[in-house]
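First comes the structure, then the notes that go with it.
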Amino acid sequence: MLRTLPIVFLALLASACASTTARTLEVVSPGSFHGEVAGRLSLELPSGDVDIRPSNDGQLHATVRFFCDPASARCESNASEARVVHVQDGARSTLRFEPESAYATRYANIVIDIQIPRVERLDVDIPAGDLDIASPTGCLSLVAAAGDVSITAPLADTGSVELDADLGEADLRTPDGRARDERKLLVGSEVRWFDGPGDCKLTARLRAGSLQVVLE
């Protein structure tokens with residue numbers, strides 16, 4: 001019975017957002033970002049579908065698409081107000097998505113595409129959604145509340161991996177096979193792996209959902 005908790009939690013989360021069936025109008029926000037970032041990068045993401053990939057030109061590119069009900073003027077207005085804000089403080093860059101009200105999922109399905117250059121460290125924070133990361137570095141930390149998270153990172157610079165899914169599944173796959181996980185009260189799982197050749201530590205914490213990491 002306890003094993004059904006992650007499914008129930010995510011079902012409630014999905015029902016809180018409006019149905020996707022009527023959201024057929026694609027609106028690309030004008031507030032995108034293209035430019036250079038520092039060696040340490042923090043992504044403070046809103047809820048939505050997020051795809052993160054390496055860039056080909058040494059710069060960071062971030063675009064946001066809103067999928068609206070054609071009759072929703074509020075959704076189109078939110079898309080026009082949405083901004084991607086880059087703040088640099090010394091060796092750290094932070095990417096924020098503002099204003100917070102523009103990214104309300106009750107009005108839109110939000111798709112975020114980010115291309116990142118080679119960085120020394122990547123920190124990702126997201127409330128909920130589907131997150132797919134192809135990281136250029138194994139020095140990565142993730143905190144997410146709920147959703148499906150998939151991470152691919154380079155084995156060569158990764159020394160250890162710590163995964164924690166409070167309500168759900170955590171899975172680590174390396175070229176040698178699948179790392180062993182440990183159950184917590186039958187409702188979550190943890191993975192601790194320390195056999196990598198590199199110096200980076202990859203950590204990911206997910207409150208509810210599915211967490212998969214592949215090192216290659």
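Each chain of the structure tokens is named A, B, ... in the order shown, its residues numbered from 1; ligands are numbered from 1 in display order.
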If you count only C-alpha atoms, which residues fall within 6 Å of segment 48-57 of chain A, apart from same-chain ones fewer than 6 positions away, as a PDB file with all heavy atoms, in the first residue's frame?
ATOM      1  N   ILE A 110       4.466  24.733 -19.983  1.00  0.00           N
ATOM      2  CA  ILE A 110       5.692  25.487 -20.207  1.00  0.00           C
ATOM      3  C   ILE A 110       6.821  24.544 -20.599  1.00  0.00           C
ATOM      4  O   ILE A 110       7.079  23.541 -19.921  1.00  0.00           O
ATOM      5  CB  ILE A 110       6.064  26.284 -18.945  1.00  0.00           C
ATOM      6  CG1 ILE A 110       4.949  27.300 -18.623  1.00  0.00           C
ATOM      7  CG2 ILE A 110       7.399  26.999 -19.122  1.00  0.00           C
ATOM      8  CD1 ILE A 110       5.043  27.882 -17.245  1.00  0.00           C
ATOM      9  N   VAL A 111       7.480  24.868 -21.702  1.00  0.00           N
ATOM     10  CA  VAL A 111       8.603  24.074 -22.193  1.00  0.00           C
ATOM     11  C   VAL A 111       9.833  24.979 -22.238  1.00  0.00           C
ATOM     12  O   VAL A 111       9.808  26.042 -22.865  1.00  0.00           O
ATOM     13  CB  VAL A 111       8.317  23.497 -23.593  1.00  0.00           C
ATOM     14  CG1 VAL A 111       9.536  22.739 -24.111  1.00  0.00           C
ATOM     15  CG2 VAL A 111       7.103  22.578 -23.557  1.00  0.00           C
ATOM     16  N   ILE A 112      10.894  24.553 -21.564  1.00  0.00           N
ATOM     17  CA  ILE A 112      12.124  25.344 -21.482  1.00  0.00           C
ATOM     18  C   ILE A 112      13.263  24.561 -22.115  1.00  0.00           C
ATOM     19  O   ILE A 112      13.503  23.402 -21.751  1.00  0.00           O
ATOM     20  CB  ILE A 112      12.461  25.696 -20.025  1.00  0.00           C
ATOM     21  CG1 ILE A 112      11.335  26.530 -19.402  1.00  0.00           C
ATOM     22  CG2 ILE A 112      13.791  26.437 -19.935  1.00  0.00           C
ATOM     23  CD1 ILE A 112      11.510  26.772 -17.923  1.00  0.00           C
ATOM     24  N   ASP A 113      13.948  25.187 -23.051  1.00  0.00           N
ATOM     25  CA  ASP A 113      15.109  24.579 -23.703  1.00  0.00           C
ATOM     26  C   ASP A 113      16.352  25.378 -23.332  1.00  0.00           C
ATOM     27  O   ASP A 113      16.391  26.596 -23.541  1.00  0.00           O
ATOM     28  CB  ASP A 113      14.931  24.575 -25.224  1.00  0.00           C
ATOM     29  CG  ASP A 113      13.770  23.703 -25.661  1.00  0.00           C
ATOM     30  OD1 ASP A 113      13.847  22.484 -25.428  1.00  0.00           O
ATOM     31  OD2 ASP A 113      12.792  24.229 -26.219  1.00  0.00           O
ATOM     32  N   ILE A 114      17.347  24.682 -22.784  1.00  0.00           N
ATOM     33  CA  ILE A 114      18.580  25.342 -22.353  1.00  0.00           C
ATOM     34  C   ILE A 114      19.773  24.591 -22.930  1.00  0.00           C
ATOM     35  O   ILE A 114      19.864  23.369 -22.838  1.00  0.00           O
ATOM     36  CB  ILE A 114      18.692  25.375 -20.815  1.00  0.00           C
ATOM     37  CG1 ILE A 114      17.494  26.103 -20.206  1.00  0.00           C
ATOM     38  CG2 ILE A 114      19.998  26.050 -20.390  1.00  0.00           C
ATOM     39  CD1 ILE A 114      17.475  26.082 -18.690  1.00  0.00           C
ATOM     40  N   GLN A 115      20.682  25.344 -23.514  1.00  0.00           N
ATOM     41  CA  GLN A 115      21.957  24.795 -23.982  1.00  0.00           C
ATOM     42  C   GLN A 115      23.060  25.452 -23.163  1.00  0.00           C
ATOM     43  O   GLN A 115      23.133  26.684 -23.103  1.00  0.00           O
ATOM     44  CB  GLN A 115      22.167  25.080 -25.467  1.00  0.00           C
ATOM     45  CG  GLN A 115      21.114  24.458 -26.369  1.00  0.00           C
ATOM     46  CD  GLN A 115      21.303  24.851 -27.815  1.00  0.00           C
ATOM     47  OE1 GLN A 115      22.428  24.938 -28.312  1.00  0.00           O
ATOM     48  NE2 GLN A 115      20.207  25.102 -28.509  1.00  0.00           N
ATOM     49  N   ILE A 116      23.890  24.639 -22.522  1.00  0.00           N
ATOM     50  CA  ILE A 116      24.907  25.198 -21.635  1.00  0.00           C
ATOM     51  C   ILE A 116      26.311  24.828 -22.121  1.00  0.00           C
ATOM     52  O   ILE A 116      26.539  23.733 -22.637  1.00  0.00           O
ATOM     53  CB  ILE A 116      24.718  24.725 -20.181  1.00  0.00           C
ATOM     54  CG1 ILE A 116      24.814  23.208 -20.074  1.00  0.00           C
ATOM     55  CG2 ILE A 116      23.399  25.209 -19.634  1.00  0.00           C
ATOM     56  CD1 ILE A 116      24.740  22.707 -18.645  1.00  0.00           C
ATOM     57  N   PRO A 117      27.263  25.749 -21.938  1.00  0.00           N
ATOM     58  CA  PRO A 117      28.653  25.454 -22.290  1.00  0.00           C
ATOM     59  C   PRO A 117      29.298  24.579 -21.227  1.00  0.00           C
ATOM     60  O   PRO A 117      28.679  24.255 -20.206  1.00  0.00           O
ATOM     61  CB  PRO A 117      29.290  26.845 -22.324  1.00  0.00           C
ATOM     62  CG  PRO A 117      28.512  27.620 -21.296  1.00  0.00           C
ATOM     63  CD  PRO A 117      27.102  27.112 -21.392  1.00  0.00           C
ATOM     64  N   GLY A 129       8.134  18.855 -12.536  1.00  0.00           N
ATOM     65  CA  GLY A 129       8.070  18.761 -13.984  1.00  0.00           C
ATOM     66  C   GLY A 129       8.860  17.596 -14.523  1.00  0.00           C
ATOM     67  O   GLY A 129       9.345  16.741 -13.775  1.00  0.00           O
ATOM     68  N   ASP A 130       9.001  17.562 -15.829  1.00  0.00           N
ATOM     69  CA  ASP A 130       9.838  16.571 -16.508  1.00  0.00           C
ATOM     70  C   ASP A 130      11.158  17.255 -16.859  1.00  0.00           C
ATOM     71  O   ASP A 130      11.183  18.239 -17.595  1.00  0.00           O
ATOM     72  CB  ASP A 130       9.156  16.072 -17.786  1.00  0.00           C
ATOM     73  CG  ASP A 130       7.950  15.198 -17.478  1.00  0.00           C
ATOM     74  OD1 ASP A 130       7.928  14.569 -16.402  1.00  0.00           O
ATOM     75  OD2 ASP A 130       7.026  15.144 -18.307  1.00  0.00           O
ATOM     76  N   LEU A 131      12.245  16.706 -16.339  1.00  0.00           N
ATOM     77  CA  LEU A 131      13.556  17.327 -16.496  1.00  0.00           C
ATOM     78  C   LEU A 131      14.513  16.343 -17.136  1.00  0.00           C
ATOM     79  O   LEU A 131      14.739  15.246 -16.619  1.00  0.00           O
ATOM     80  CB  LEU A 131      14.085  17.772 -15.128  1.00  0.00           C
ATOM     81  CG  LEU A 131      15.453  18.437 -15.072  1.00  0.00           C
ATOM     82  CD1 LEU A 131      15.480  19.697 -15.898  1.00  0.00           C
ATOM     83  CD2 LEU A 131      15.833  18.748 -13.620  1.00  0.00           C
ATOM     84  N   ASP A 132      15.073  16.724 -18.265  1.00  0.00           N
ATOM     85  CA  ASP A 132      16.025  15.885 -18.993  1.00  0.00           C
ATOM     86  C   ASP A 132      17.328  16.662 -19.133  1.00  0.00           C
ATOM     87  O   ASP A 132      17.371  17.704 -19.794  1.00  0.00           O
ATOM     88  CB  ASP A 132      15.451  15.533 -20.367  1.00  0.00           C
ATOM     89  CG  ASP A 132      16.223  14.420 -21.058  1.00  0.00           C
ATOM     90  OD1 ASP A 132      17.265  14.008 -20.523  1.00  0.00           O
ATOM     91  OD2 ASP A 132      15.787  13.972 -22.128  1.00  0.00           O
ATOM     92  N   ILE A 133      18.398  16.168 -18.497  1.00  0.00           N
ATOM     93  CA  ILE A 133      19.675  16.870 -18.471  1.00  0.00           C
ATOM     94  C   ILE A 133      20.754  16.013 -19.115  1.00  0.00           C
ATOM     95  O   ILE A 133      20.981  14.869 -18.709  1.00  0.00           O
ATOM     96  CB  ILE A 133      20.116  17.204 -17.031  1.00  0.00           C
ATOM     97  CG1 ILE A 133      19.072  18.060 -16.307  1.00  0.00           C
ATOM     98  CG2 ILE A 133      21.469  17.918 -17.028  1.00  0.00           C
ATOM     99  CD1 ILE A 133      19.415  18.322 -14.853  1.00  0.00           C
ATOM    100  N   ALA A 134      21.425  16.563 -20.115  1.00  0.00           N
ATOM    101  CA  ALA A 134      22.665  15.991 -20.629  1.00  0.00           C
ATOM    102  C   ALA A 134      23.768  16.945 -20.172  1.00  0.00           C
ATOM    103  O   ALA A 134      24.026  17.961 -20.812  1.00  0.00           O
ATOM    104  CB  ALA A 134      22.627  15.860 -22.146  1.00  0.00           C
TER     105      ALA A 134
END
Sorted by chain and rising residue number, which residues of segment 174-206 of chain A lie within 10 Å of segment 149-161 of chain A, and what are their closest atom pairs and distances in Å to one decimal, counting only C-alpha atoms, as a tab-separated table?
residue	atom	partner	partner_atom	distance
A:Thr174	CA	A:Leu155	CA	7.8
A:Pro175	CA	A:Leu155	CA	8.6
A:Ala179	CA	A:Val161	CA	9.9
A:Val191	CA	A:Val161	CA	7.4
A:Arg192	CA	A:Val161	CA	5.9
A:Trp193	CA	A:Val161	CA	5.1
A:Phe194	CA	A:Ser160	CA	4.3
A:Asp195	CA	A:Gly159	CA	6.3
A:Gly196	CA	A:Gly159	CA	3.9
A:Pro197	CA	A:Gly159	CA	5.4
A:Gly198	CA	A:Asp157	CA	3.8
A:Asp199	CA	A:Gly159	CA	4.9
A:Cys200	CA	A:Thr158	CA	4.5
A:Lys201	CA	A:Ser160	CA	4.9
A:Leu202	CA	A:Val161	CA	4.7
A:Thr203	CA	A:Val161	CA	5.8
A:Ala204	CA	A:Val161	CA	8.3
A:Leu206	CA	A:Val149	CA	8.4
Closest atom pairs, segment 55-160 of chain A residues within 8 Å of segment 33-45 of chain A, only C-alpha atoms, as CSV:
residue,atom,partner,partner_atom,distance
A:Gly58,CA,A:Glu36,CA,7.3
A:Gln59,CA,A:Glu36,CA,4.8
A:Leu60,CA,A:Gly35,CA,5.4
A:His61,CA,A:His34,CA,4.5
A:Ala62,CA,A:Phe33,CA,5.1
A:Thr63,CA,A:Phe33,CA,6.7
A:Val84,CA,A:Phe33,CA,5.9
A:Val85,CA,A:Phe33,CA,7.4
A:His86,CA,A:Phe33,CA,7.7
A:Gln88,CA,A:Ala38,CA,7.1
A:Gly90,CA,A:Ala38,CA,7.7
A:Ala91,CA,A:Ala38,CA,5.3
A:Arg92,CA,A:Arg40,CA,4.6
A:Ser93,CA,A:Leu41,CA,4.9
A:Thr94,CA,A:Ser42,CA,4.6
A:Leu95,CA,A:Leu43,CA,5.0
A:Arg96,CA,A:Glu44,CA,5.2
A:Phe97,CA,A:Leu45,CA,6.4
A:Arg118,CA,A:Gly39,CA,7.9
A:Val119,CA,A:Gly39,CA,4.8
A:Glu120,CA,A:Gly39,CA,5.1
A:Arg121,CA,A:Arg40,CA,4.8
A:Leu122,CA,A:Leu41,CA,5.0
A:Asp123,CA,A:Ser42,CA,4.6
A:Val124,CA,A:Leu43,CA,4.8
A:Asp125,CA,A:Glu44,CA,5.1
A:Ile126,CA,A:Leu45,CA,4.9
A:Pro127,CA,A:Leu45,CA,7.5
How many Å separate atom CA of Ala165 of chain A from atom CA of Gly138 of chain A?
19.1 Å
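Note that the spacing between atom CA of Glu100 of chain A and atom CA of Val28 of chain A amounts to 16.9 Å.
Pairwise distance (atom CA of Ala144 of chain A, atom CA of Arg205 of chain A) equals 6.3 Å.
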Quick one: pick out all strand (DSSP E or B) residues within chain A from a backbone DSSP run and write them as JSON, numbers by chain.
{"A": [25, 26, 27, 28, 31, 33, 34, 35, 40, 41, 42, 43, 44, 48, 49, 50, 51, 52, 53, 54, 60, 61, 62, 63, 64, 65, 66, 67, 68, 83, 84, 85, 86, 87, 88, 89, 92, 93, 94, 95, 96, 97, 98, 109, 110, 111, 112, 113, 114, 115, 116, 121, 122, 123, 124, 125, 126, 127, 128, 129, 130, 131, 132, 133, 134, 140, 141, 142, 143, 144, 145, 146, 147, 148, 149, 150, 151, 152, 153, 158, 159, 160, 161, 162, 163, 164, 165, 166, 167, 168, 169, 170, 171, 172, 173, 174, 177, 178, 181, 182, 183, 184, 188, 189, 190, 191, 192, 193, 200, 201, 202, 203, 204, 205, 206, 207, 208, 209, 210, 211, 212, 213, 214, 215]}
Selected residue, from A:Pro30, A:Leu211, A:Gly147, A:Asp89, that lies nearest to Ser77 of chain A when counting only C-alpha atoms:
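Checking each candidate against Ser77 of chain A, we get A:Pro30 as the closest.
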Tell me which protein, DNA and RNA residues are within 8 Å of Pro99 of chain A, counting only C-alpha atoms, leaving out same-chain ones fewer than 6 positions away, and put them as a VMD selection string.
chain A and resid 81 to 83
